[in-house]
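Student: Contents of upload-v8.tsv (TSV, C-alpha atoms) are below:
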chain	number	residue	atom	x	y	z
A	1	MET	CA	0.00	0.00	0.00
A	2	ASN	CA	1.02	3.60	-0.62
A	3	PRO	CA	-1.23	5.57	1.75
A	4	LEU	CA	-1.70	9.29	2.21
A	5	ILE	CA	-3.13	10.79	5.41
A	6	LEU	CA	-5.64	13.57	4.83
A	7	ILE	CA	-7.20	15.65	7.60
A	8	PRO	CA	-10.47	17.35	6.59
A	9	ALA	CA	-11.17	20.62	8.40
A	10	ARG	CA	-13.50	23.59	8.04
A	11	MET	CA	-14.26	26.60	10.18
A	12	ALA	CA	-18.06	26.23	10.25
A	13	ALA	CA	-18.99	24.08	13.24
A	14	THR	CA	-22.36	24.30	14.95
A	15	ARG	CA	-21.28	23.50	18.50
A	16	LEU	CA	-17.79	25.00	18.41
A	17	PRO	CA	-17.31	27.72	15.76
A	18	ASN	CA	-13.78	28.16	14.37
A	19	LYS	CA	-12.85	24.85	15.99
A	20	PRO	CA	-9.74	24.07	13.87
A	21	LEU	CA	-8.00	27.22	15.11
A	22	ALA	CA	-8.97	26.80	18.77
A	23	ASP	CA	-5.87	27.32	20.90
A	24	ILE	CA	-4.64	24.26	22.81
A	25	GLY	CA	-1.47	24.93	24.75
A	26	GLY	CA	-0.31	27.62	22.36
A	27	LYS	CA	-1.07	25.73	19.13
A	28	PRO	CA	-4.17	25.67	16.93
A	29	MET	CA	-6.00	22.34	17.23
A	30	ILE	CA	-5.52	21.57	13.54
A	31	VAL	CA	-1.76	22.01	13.93
A	32	ARG	CA	-1.70	19.53	16.81
A	33	ALA	CA	-3.71	17.04	14.76
A	34	TYR	CA	-1.36	17.52	11.80
A	35	GLN	CA	1.78	16.99	13.89
A	36	GLN	CA	0.36	13.85	15.51
A	37	ALA	CA	-0.45	12.42	12.07
A	38	GLU	CA	2.98	13.40	10.76
A	39	ALA	CA	4.59	11.36	13.54
A	40	SER	CA	3.17	8.22	11.89
A	41	GLY	CA	5.82	8.52	9.18
A	42	LEU	CA	3.20	8.64	6.42
A	43	PRO	CA	2.76	11.65	4.12
A	44	VAL	CA	0.15	14.08	5.47
A	45	ALA	CA	-1.89	16.99	4.17
A	46	VAL	CA	-4.91	18.95	5.38
A	47	ALA	CA	-8.03	19.14	3.19
A	48	ALA	CA	-9.10	22.63	4.23
A	49	GLY	CA	-12.41	24.32	3.66
A	50	ASP	CA	-11.09	27.78	4.53
A	51	PRO	CA	-7.93	29.81	3.80
A	52	GLU	CA	-7.33	30.45	7.52
A	53	ILE	CA	-6.73	26.72	8.00
A	54	VAL	CA	-4.33	26.61	5.05
A	55	ALA	CA	-2.40	29.53	6.56
A	56	ALA	CA	-2.12	27.82	9.96
A	57	ILE	CA	-0.68	24.65	8.43
A	58	GLU	CA	1.65	26.43	6.03
A	59	ALA	CA	2.98	28.50	8.95
A	60	ILE	CA	4.55	25.32	10.37
A	61	GLY	CA	5.82	24.17	6.97
A	62	GLY	CA	2.97	21.71	6.45
A	63	ARG	CA	0.87	21.00	3.38
A	64	ALA	CA	-2.77	22.04	3.03
A	65	ILE	CA	-5.10	22.04	0.04
A	66	LEU	CA	-7.94	24.56	-0.15
A	67	THR	CA	-11.16	22.79	-1.16
A	68	ASP	CA	-14.65	24.01	-1.95
A	69	PRO	CA	-16.19	25.18	1.37
A	70	ASP	CA	-19.61	23.92	0.22
A	71	LEU	CA	-18.60	20.26	-0.05
A	72	PRO	CA	-21.14	18.24	1.95
A	73	SER	CA	-18.84	16.01	4.00
A	74	GLY	CA	-15.32	15.26	5.12
A	75	SER	CA	-15.20	12.32	2.70
A	76	ASP	CA	-15.97	14.61	-0.23
A	77	ARG	CA	-13.32	17.02	1.04
A	78	ILE	CA	-10.57	14.39	1.20
A	79	ARG	CA	-11.52	13.10	-2.24
A	80	ALA	CA	-11.18	16.61	-3.68
A	81	ALA	CA	-7.84	17.07	-1.93
A	82	VAL	CA	-6.32	13.76	-3.02
A	83	ASP	CA	-7.41	14.38	-6.62
A	84	ALA	CA	-5.64	17.75	-6.47
A	85	ILE	CA	-2.50	16.36	-4.85
A	86	ASP	CA	-2.26	13.13	-6.82
A	87	PRO	CA	-4.18	13.19	-10.12
A	88	GLU	CA	-2.09	10.27	-11.40
A	89	GLY	CA	-3.31	7.96	-8.62
A	90	ASP	CA	0.06	7.05	-7.09
A	91	PHE	CA	-1.50	6.99	-3.61
A	92	ASP	CA	-3.72	3.91	-3.62
A	93	ALA	CA	-5.15	4.48	-0.13
A	94	VAL	CA	-6.33	7.53	1.80
A	95	ILE	CA	-6.42	7.62	5.59
A	96	ASN	CA	-8.96	10.10	6.93
A	97	VAL	CA	-7.79	11.37	10.33
A	98	GLN	CA	-10.08	13.78	12.15
A	99	GLY	CA	-8.86	17.31	12.77
A	100	ASP	CA	-10.64	17.46	16.12
A	101	MET	CA	-8.51	14.71	17.68
A	102	PRO	CA	-5.49	16.78	18.76
A	103	PHE	CA	-3.80	13.98	20.72
A	104	ALA	CA	-4.64	10.97	18.53
A	105	ASP	CA	-1.93	8.31	18.61
A	106	PRO	CA	-0.01	8.29	15.29
A	107	GLY	CA	-0.50	4.53	15.26
A	108	LEU	CA	-4.21	4.93	14.51
A	109	ALA	CA	-3.48	5.86	10.91
A	110	THR	CA	-1.03	3.02	10.42
A	111	ALA	CA	-3.52	0.57	11.98
A	112	CYS	CA	-6.05	1.47	9.27
A	113	ALA	CA	-3.41	1.10	6.59
A	114	ALA	CA	-2.51	-2.34	7.99
A	115	ILE	CA	-6.11	-3.54	7.68
A	116	LEU	CA	-6.24	-2.51	4.02
A	117	HIS	CA	-2.93	-4.24	3.40
A	118	GLY	CA	-3.90	-7.46	5.17
A	119	GLU	CA	-7.56	-7.85	4.11
A	120	PRO	CA	-8.00	-7.86	0.32
A	121	SER	CA	-11.81	-7.83	0.68
A	122	CYS	CA	-11.75	-4.68	2.81
A	123	ASP	CA	-12.88	-1.52	1.04
A	124	ILE	CA	-12.84	0.77	4.08
A	125	ALA	CA	-10.91	0.31	7.33
A	126	THR	CA	-11.76	1.88	10.65
A	127	LEU	CA	-11.21	1.52	14.41
A	128	VAL	CA	-13.18	0.73	17.56
A	129	ALA	CA	-12.53	0.85	21.30
A	130	ILE	CA	-14.43	-0.75	24.13
A	131	GLU	CA	-17.11	1.36	25.83
A	132	ALA	CA	-15.82	3.87	28.37
A	133	ASP	CA	-18.72	3.17	30.76
A	134	LEU	CA	-22.27	1.83	30.72
A	135	SER	CA	-23.70	5.24	29.82
A	136	ASP	CA	-22.17	4.85	26.34
A	137	ARG	CA	-24.81	2.23	25.55
A	138	THR	CA	-27.68	4.70	25.70
A	139	ASN	CA	-25.87	7.84	24.51
A	140	PRO	CA	-26.90	8.69	20.91
A	141	ASP	CA	-23.69	10.73	20.49
A	142	VAL	CA	-21.69	7.52	20.95
A	143	VAL	CA	-21.70	5.58	17.69
A	144	LYS	CA	-21.70	1.84	18.29
A	145	ALA	CA	-20.13	-0.65	15.89
A	146	ILE	CA	-21.56	-4.15	15.50
A	147	LEU	CA	-18.75	-6.42	14.39
A	148	ALA	CA	-18.27	-10.02	13.28
A	149	LEU	CA	-15.58	-10.49	15.90
A	150	GLY	CA	-14.71	-13.75	17.63
A	151	GLU	CA	-13.51	-14.06	21.19
A	152	ASN	CA	-9.99	-12.65	21.63
A	153	GLU	CA	-9.94	-11.39	18.03
A	154	ARG	CA	-8.72	-7.84	17.46
A	155	GLN	CA	-10.06	-7.27	13.97
A	156	GLY	CA	-13.33	-8.07	12.24
A	157	ARG	CA	-15.89	-7.10	9.62
A	158	ALA	CA	-18.41	-4.40	10.50
A	159	LEU	CA	-22.04	-5.48	10.16
A	160	TYR	CA	-23.68	-2.21	11.20
A	161	PHE	CA	-23.21	1.11	13.01
A	162	THR	CA	-25.89	2.73	15.14
A	163	ARG	CA	-26.67	5.50	17.59
A	164	SER	CA	-29.37	3.36	19.21
A	165	THR	CA	-29.16	1.63	22.58
A	166	LEU	CA	-27.61	-1.83	22.49
A	167	TYR	CA	-28.66	-4.55	24.90
A	168	GLY	CA	-27.07	-7.74	26.21
A	169	ASP	CA	-24.25	-8.76	28.51
A	170	ALA	CA	-21.39	-8.27	26.07
A	171	PRO	CA	-19.52	-4.95	26.00
A	172	ILE	CA	-20.17	-2.60	23.10
A	173	TRP	CA	-17.63	-1.31	20.62
A	174	ARG	CA	-17.39	2.46	20.40
A	175	HIS	CA	-16.62	3.59	16.86
A	176	ILE	CA	-13.58	5.82	16.35
A	177	GLY	CA	-13.94	8.16	13.37
A	178	VAL	CA	-10.68	7.33	11.61
A	179	TYR	CA	-11.07	5.72	8.19
A	180	GLY	CA	-8.81	4.14	5.61
A	181	TYR	CA	-10.18	4.02	2.06
A	182	ARG	CA	-8.87	2.22	-0.95
A	183	ARG	CA	-8.72	4.97	-3.56
A	184	ALA	CA	-11.29	3.26	-5.80
A	185	ALA	CA	-13.63	2.74	-2.84
A	186	LEU	CA	-13.41	6.43	-1.90
A	187	ASN	CA	-14.30	7.45	-5.45
A	188	ARG	CA	-17.23	5.03	-5.58
A	189	PHE	CA	-18.49	6.09	-2.16
A	190	CYS	CA	-18.40	9.81	-2.90
A	191	ALA	CA	-20.13	9.31	-6.25
A	192	ALA	CA	-23.18	7.73	-4.57
A	193	PRO	CA	-26.02	9.75	-3.00
A	194	PRO	CA	-26.79	9.53	0.73
A	195	SER	CA	-28.57	6.27	1.49
A	196	PRO	CA	-31.79	5.69	3.48
A	197	LEU	CA	-30.03	4.26	6.54
A	198	GLU	CA	-27.38	6.97	6.38
A	199	ARG	CA	-30.09	9.64	6.48
A	200	ARG	CA	-31.96	7.87	9.27
A	201	GLU	CA	-28.97	7.35	11.58
A	202	LYS	CA	-26.98	10.36	10.35
A	203	LEU	CA	-24.00	8.04	9.86
A	204	GLU	CA	-22.13	8.33	6.57
A	205	GLN	CA	-20.53	4.88	6.82
A	206	LEU	CA	-23.93	3.21	6.44
A	207	ARG	CA	-23.97	4.34	2.81
A	208	ALA	CA	-20.97	2.11	2.18
A	209	LEU	CA	-22.64	-0.89	3.82
A	210	GLU	CA	-25.84	-0.35	1.84
A	211	MET	CA	-23.72	-0.25	-1.32
A	212	GLY	CA	-22.33	-3.69	-0.47
A	213	MET	CA	-18.86	-2.42	0.45
A	214	GLN	CA	-16.93	-4.16	3.21
A	215	ILE	CA	-15.82	-2.21	6.27
A	216	TRP	CA	-13.33	-3.84	8.63
A	217	ALA	CA	-12.44	-2.53	12.07
A	218	ALA	CA	-9.47	-3.05	14.36
A	219	VAL	CA	-9.70	-2.82	18.14
A	220	ILE	CA	-7.58	-0.15	19.82
A	221	ASP	CA	-6.97	0.10	23.55
A	222	GLU	CA	-8.41	3.55	24.18
A	223	ALA	CA	-10.52	6.08	22.30
A	224	PRO	CA	-8.69	9.37	21.68
A	225	LEU	CA	-10.18	12.61	22.96
A	226	SER	CA	-12.46	14.17	20.35
A	227	VAL	CA	-13.21	17.89	20.70
A	228	ASP	CA	-16.87	18.42	19.86
A	229	ASN	CA	-17.99	21.11	22.31
A	230	PRO	CA	-16.60	23.71	24.75
A	231	ALA	CA	-16.29	21.16	27.57
A	232	ASP	CA	-14.16	18.89	25.36
A	233	LEU	CA	-11.98	21.86	24.47
A	234	GLU	CA	-11.33	22.60	28.12
A	235	ALA	CA	-10.43	18.94	28.66
A	236	ALA	CA	-7.97	19.12	25.76
A	237	ARG	CA	-6.40	22.27	27.15
A	238	ALA	CA	-5.90	20.51	30.47
A	239	LEU	CA	-3.90	17.80	28.68
A	240	ALA	CA	-1.66	20.17	26.72
Take the structure from the file and write it as structure tokens.
Tutor:
Amino acid sequence: MNPLILIPARMAATRLPNKPLADIGGKPMIVRAYQQAEASGLPVAVAAGDPEIVAAIEAIGGRAILTDPDLPSGSDRIRAAVDAIDPEGDFDAVINVQGDMPFADPGLATACAAILHGEPSCDIATLVAIEADLSDRTNPDVVKAILALGENERQGRALYFTRSTLYGDAPIWRHIGVYGYRRAALNRFCAAPPSPLERREKLEQLRALEMGMQIWAAVIDEAPLSVDNPADLEAARALA
């Protein structure tokens, strides 16, 4: 595999406006996310929806591509960026790392790349972690992954993703929003319209499952902090 990490980011955020430039220990959040991804050893660029984000990344010598601010999703943004960076298709996989995970382990990106390398049937790779506590089961903001995963296995095929409450004695898998796409799968996915289940659950990955694409997930030990609201931002600042 020859993967490229792309970090989609835009200034418009309902719960936390201007989130990519939020200061965390003297650095914009998007810069921290970029530097964490860069530590993976893979090539990295930011798929930016706004020139302010491009400026922040270029100020540290990084690479950012300005994309159409009206693109509907992060997946569309990374597709536009990779087409601009690599029109010849030399990068055969794209790893989508979220710009609101300022302390994400660099190994998350390489874990997704490893799934794509090791599972020829896998179109899209992603990650899960075990529930943080029992409240995760009923929290609609916690996306749950239902996996074909045997006992003691650390990687399996995703059967479904949901915001709904899950029942039973077994622990639930909390989905981590890092994705690895084969280049052809990304193109096919972005060319398709939103699907019925995607619209119902407000989960983009369900479009891929409805299209018959295979999503595989690897288990990681701990979910990284995701900054979605002012309380999360204060938690991130406490860690910096």
Student: Considering only C-alpha atoms, return as a ChimeraX atom specification whatever protein or nucleic-acid residues lie within 12 Å of A:Leu166, sequence-local ones (same chain, fewer than 2 positions apart) excluded.
Tutor: /A:131,134-140,142-146,160-164,168-174
Student: The residues within 10 Å of (-21.1, -2.9, 2.8), using all atoms listed in the file and the coordinates of the file, should be reported as a list in words; which are they?
Tutor: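 The residues that fall inside the cut-off are Cys122, Asp123, Ile124, Arg157, Ala158, Leu159, Tyr160, Gln205, Leu206, Arg207, Ala208, Leu209, Glu210, Met211, Gly212, Met213, Gln214, Ile215 and Trp216 of chain A.
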Student: Between A:Pro194, A:Gly107, A:Gly49, A:Pro43, which is the closest to A:Val178 once you count only C-alpha atoms?
Tutor: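 Using only C-alpha atoms, A:Val178 sits closest to A:Gly107.
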Student: Please compute the atom CA of A:Ala223-atom CA of A:Val31 distance, one decimal, in Å.
Tutor: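 Computed distance, atom CA of A:Ala223 to atom CA of A:Val31, equals 20.0 Å.
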Student: Check the smallest atom-to-atom distance from each of A:Gln98, A:Ser75, A:Ser40, A:Asn152 to A:Pro20 using all atoms listed in the file, then report the winner.
Tutor: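 Using all atoms listed in the file, A:Pro20 sits closest to A:Gln98.
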Student: May I ask for the distance between atom CA of A:Glu38 and atom CA of A:Ala218, given in Å to one decimal place?
Tutor: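 Pair atom CA of A:Glu38 / atom CA of A:Ala218 returns 20.9 Å.
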Student: Which residue gives the smallest distance to A:Asp221 among A:Leu108, A:Ala64, A:Ile115, A:Leu6, with all atoms listed in the file counted?
Tutor: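 Closest candidate: A:Leu108.
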Student: Pick from A:Ala129, A:Ile5, A:Ala81, A:Met11: nearest to A:Gly180, with only C-alpha atoms counted?
Tutor: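 Going through A:Ala129, A:Ile5, A:Ala81, A:Met11 one by one, the smallest distance to A:Gly180 is for A:Ile5.
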Student: In Å, how far is it from atom CA of A:Ile30 to atom CA of A:Cys190?
Tutor: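 The value is 24.0 Å.
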Student: Dump as a list in words all residues having an atom at most 8 Å from (-9.8, 2.6, 12.4), computed in the file's coordinates with all atoms listed in the file.
Tutor: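 Counting all atoms listed in the file, I find these residues within 8 Å of (-9.8, 2.6, 12.4): Leu108, Ala109, Ala111, Cys112, Ala125, Thr126, Leu127, Val128, Ile176, Gly177, Val178, Tyr179, Gly180, Ala217, Ala218 and Val219 of chain A.
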Student: Store the residues picked out above, limited to C-alpha atoms, as a PDB file, keeping the file's coordinate frame.
Tutor:
ATOM      1  CA  LEU A 108      -4.210   4.930  14.510  1.00  0.00           C
ATOM      2  CA  ALA A 109      -3.480   5.860  10.910  1.00  0.00           C
ATOM      3  CA  ALA A 111      -3.520   0.570  11.980  1.00  0.00           C
ATOM      4  CA  CYS A 112      -6.050   1.470   9.270  1.00  0.00           C
ATOM      5  CA  ALA A 125     -10.910   0.310   7.330  1.00  0.00           C
ATOM      6  CA  THR A 126     -11.760   1.880  10.650  1.00  0.00           C
ATOM      7  CA  LEU A 127     -11.210   1.520  14.410  1.00  0.00           C
ATOM      8  CA  VAL A 128     -13.180   0.730  17.560  1.00  0.00           C
ATOM      9  CA  ILE A 176     -13.580   5.820  16.350  1.00  0.00           C
ATOM     10  CA  GLY A 177     -13.940   8.160  13.370  1.00  0.00           C
ATOM     11  CA  VAL A 178     -10.680   7.330  11.610  1.00  0.00           C
ATOM     12  CA  TYR A 179     -11.070   5.720   8.190  1.00  0.00           C
ATOM     13  CA  GLY A 180      -8.810   4.140   5.610  1.00  0.00           C
ATOM     14  CA  ALA A 217     -12.440  -2.530  12.070  1.00  0.00           C
ATOM     15  CA  ALA A 218      -9.470  -3.050  14.360  1.00  0.00           C
ATOM     16  CA  VAL A 219      -9.700  -2.820  18.140  1.00  0.00           C
TER      17      VAL A 219
END
Student: Under the rule that all atoms listed in the file are counted, which of A:Val44, A:Leu186, A:Leu197, A:Met101 is the nearest residue to A:Met29?
Tutor: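 Looking only at the distances to A:Met29, the closest residue turns out to be A:Met101.
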Student: Here is a test: counting all atoms listed in the file, which residue of A:His117, A:Arg183, A:Arg188, A:Lys27 is nearest to A:Ile60?
Tutor: A:Lys27
Student: Identify, on the basis of all atoms listed in the file, every residue whose closest approach to A:Arg77 does not exceed 9 Å; exclude the query and any residue fewer than 6 positions from it along the same chain; express the result as a list of chain:residue names.
Tutor: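 My list of contacting residues is A:Pro8, A:Ala9, A:Ala47, A:Ala48, A:Gly49, A:Thr67, A:Asp68, A:Pro69, A:Leu71.
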Student: Based on the selection just made, write C-alpha atoms of those residues as a PDB file, keeping the file's coordinate frame.
Tutor:
ATOM      1  CA  PRO A   8     -10.470  17.350   6.590  1.00  0.00           C
ATOM      2  CA  ALA A   9     -11.170  20.620   8.400  1.00  0.00           C
ATOM      3  CA  ALA A  47      -8.030  19.140   3.190  1.00  0.00           C
ATOM      4  CA  ALA A  48      -9.100  22.630   4.230  1.00  0.00           C
ATOM      5  CA  GLY A  49     -12.410  24.320   3.660  1.00  0.00           C
ATOM      6  CA  THR A  67     -11.160  22.790  -1.160  1.00  0.00           C
ATOM      7  CA  ASP A  68     -14.650  24.010  -1.950  1.00  0.00           C
ATOM      8  CA  PRO A  69     -16.190  25.180   1.370  1.00  0.00           C
ATOM      9  CA  LEU A  71     -18.600  20.260  -0.050  1.00  0.00           C
TER      10      LEU A  71
END
Student: Need the shell around A:Phe91: protein/DNA/RNA residues with any atom at most 9 Å away, counting only C-alpha atoms. Skip same-chain ones fewer than 2 positions apart. Format as a JSON list (two decimals) with C-alpha atoms, in the frame of the given file?
Tutor:
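Final file, out19.json:
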[["chain", "number", "residue", "atom", "x", "y", "z"],
["A", 1, "MET", "CA", 0.00, 0.00, 0.00],
["A", 2, "ASN", "CA", 1.02, 3.60, -0.62],
["A", 3, "PRO", "CA", -1.23, 5.57, 1.75],
["A", 4, "LEU", "CA", -1.70, 9.29, 2.21],
["A", 82, "VAL", "CA", -6.32, 13.76, -3.02],
["A", 86, "ASP", "CA", -2.26, 13.13, -6.82],
["A", 88, "GLU", "CA", -2.09, 10.27, -11.40],
["A", 89, "GLY", "CA", -3.31, 7.96, -8.62],
["A", 93, "ALA", "CA", -5.15, 4.48, -0.13],
["A", 94, "VAL", "CA", -6.33, 7.53, 1.80],
["A", 183, "ARG", "CA", -8.72, 4.97, -3.56]]
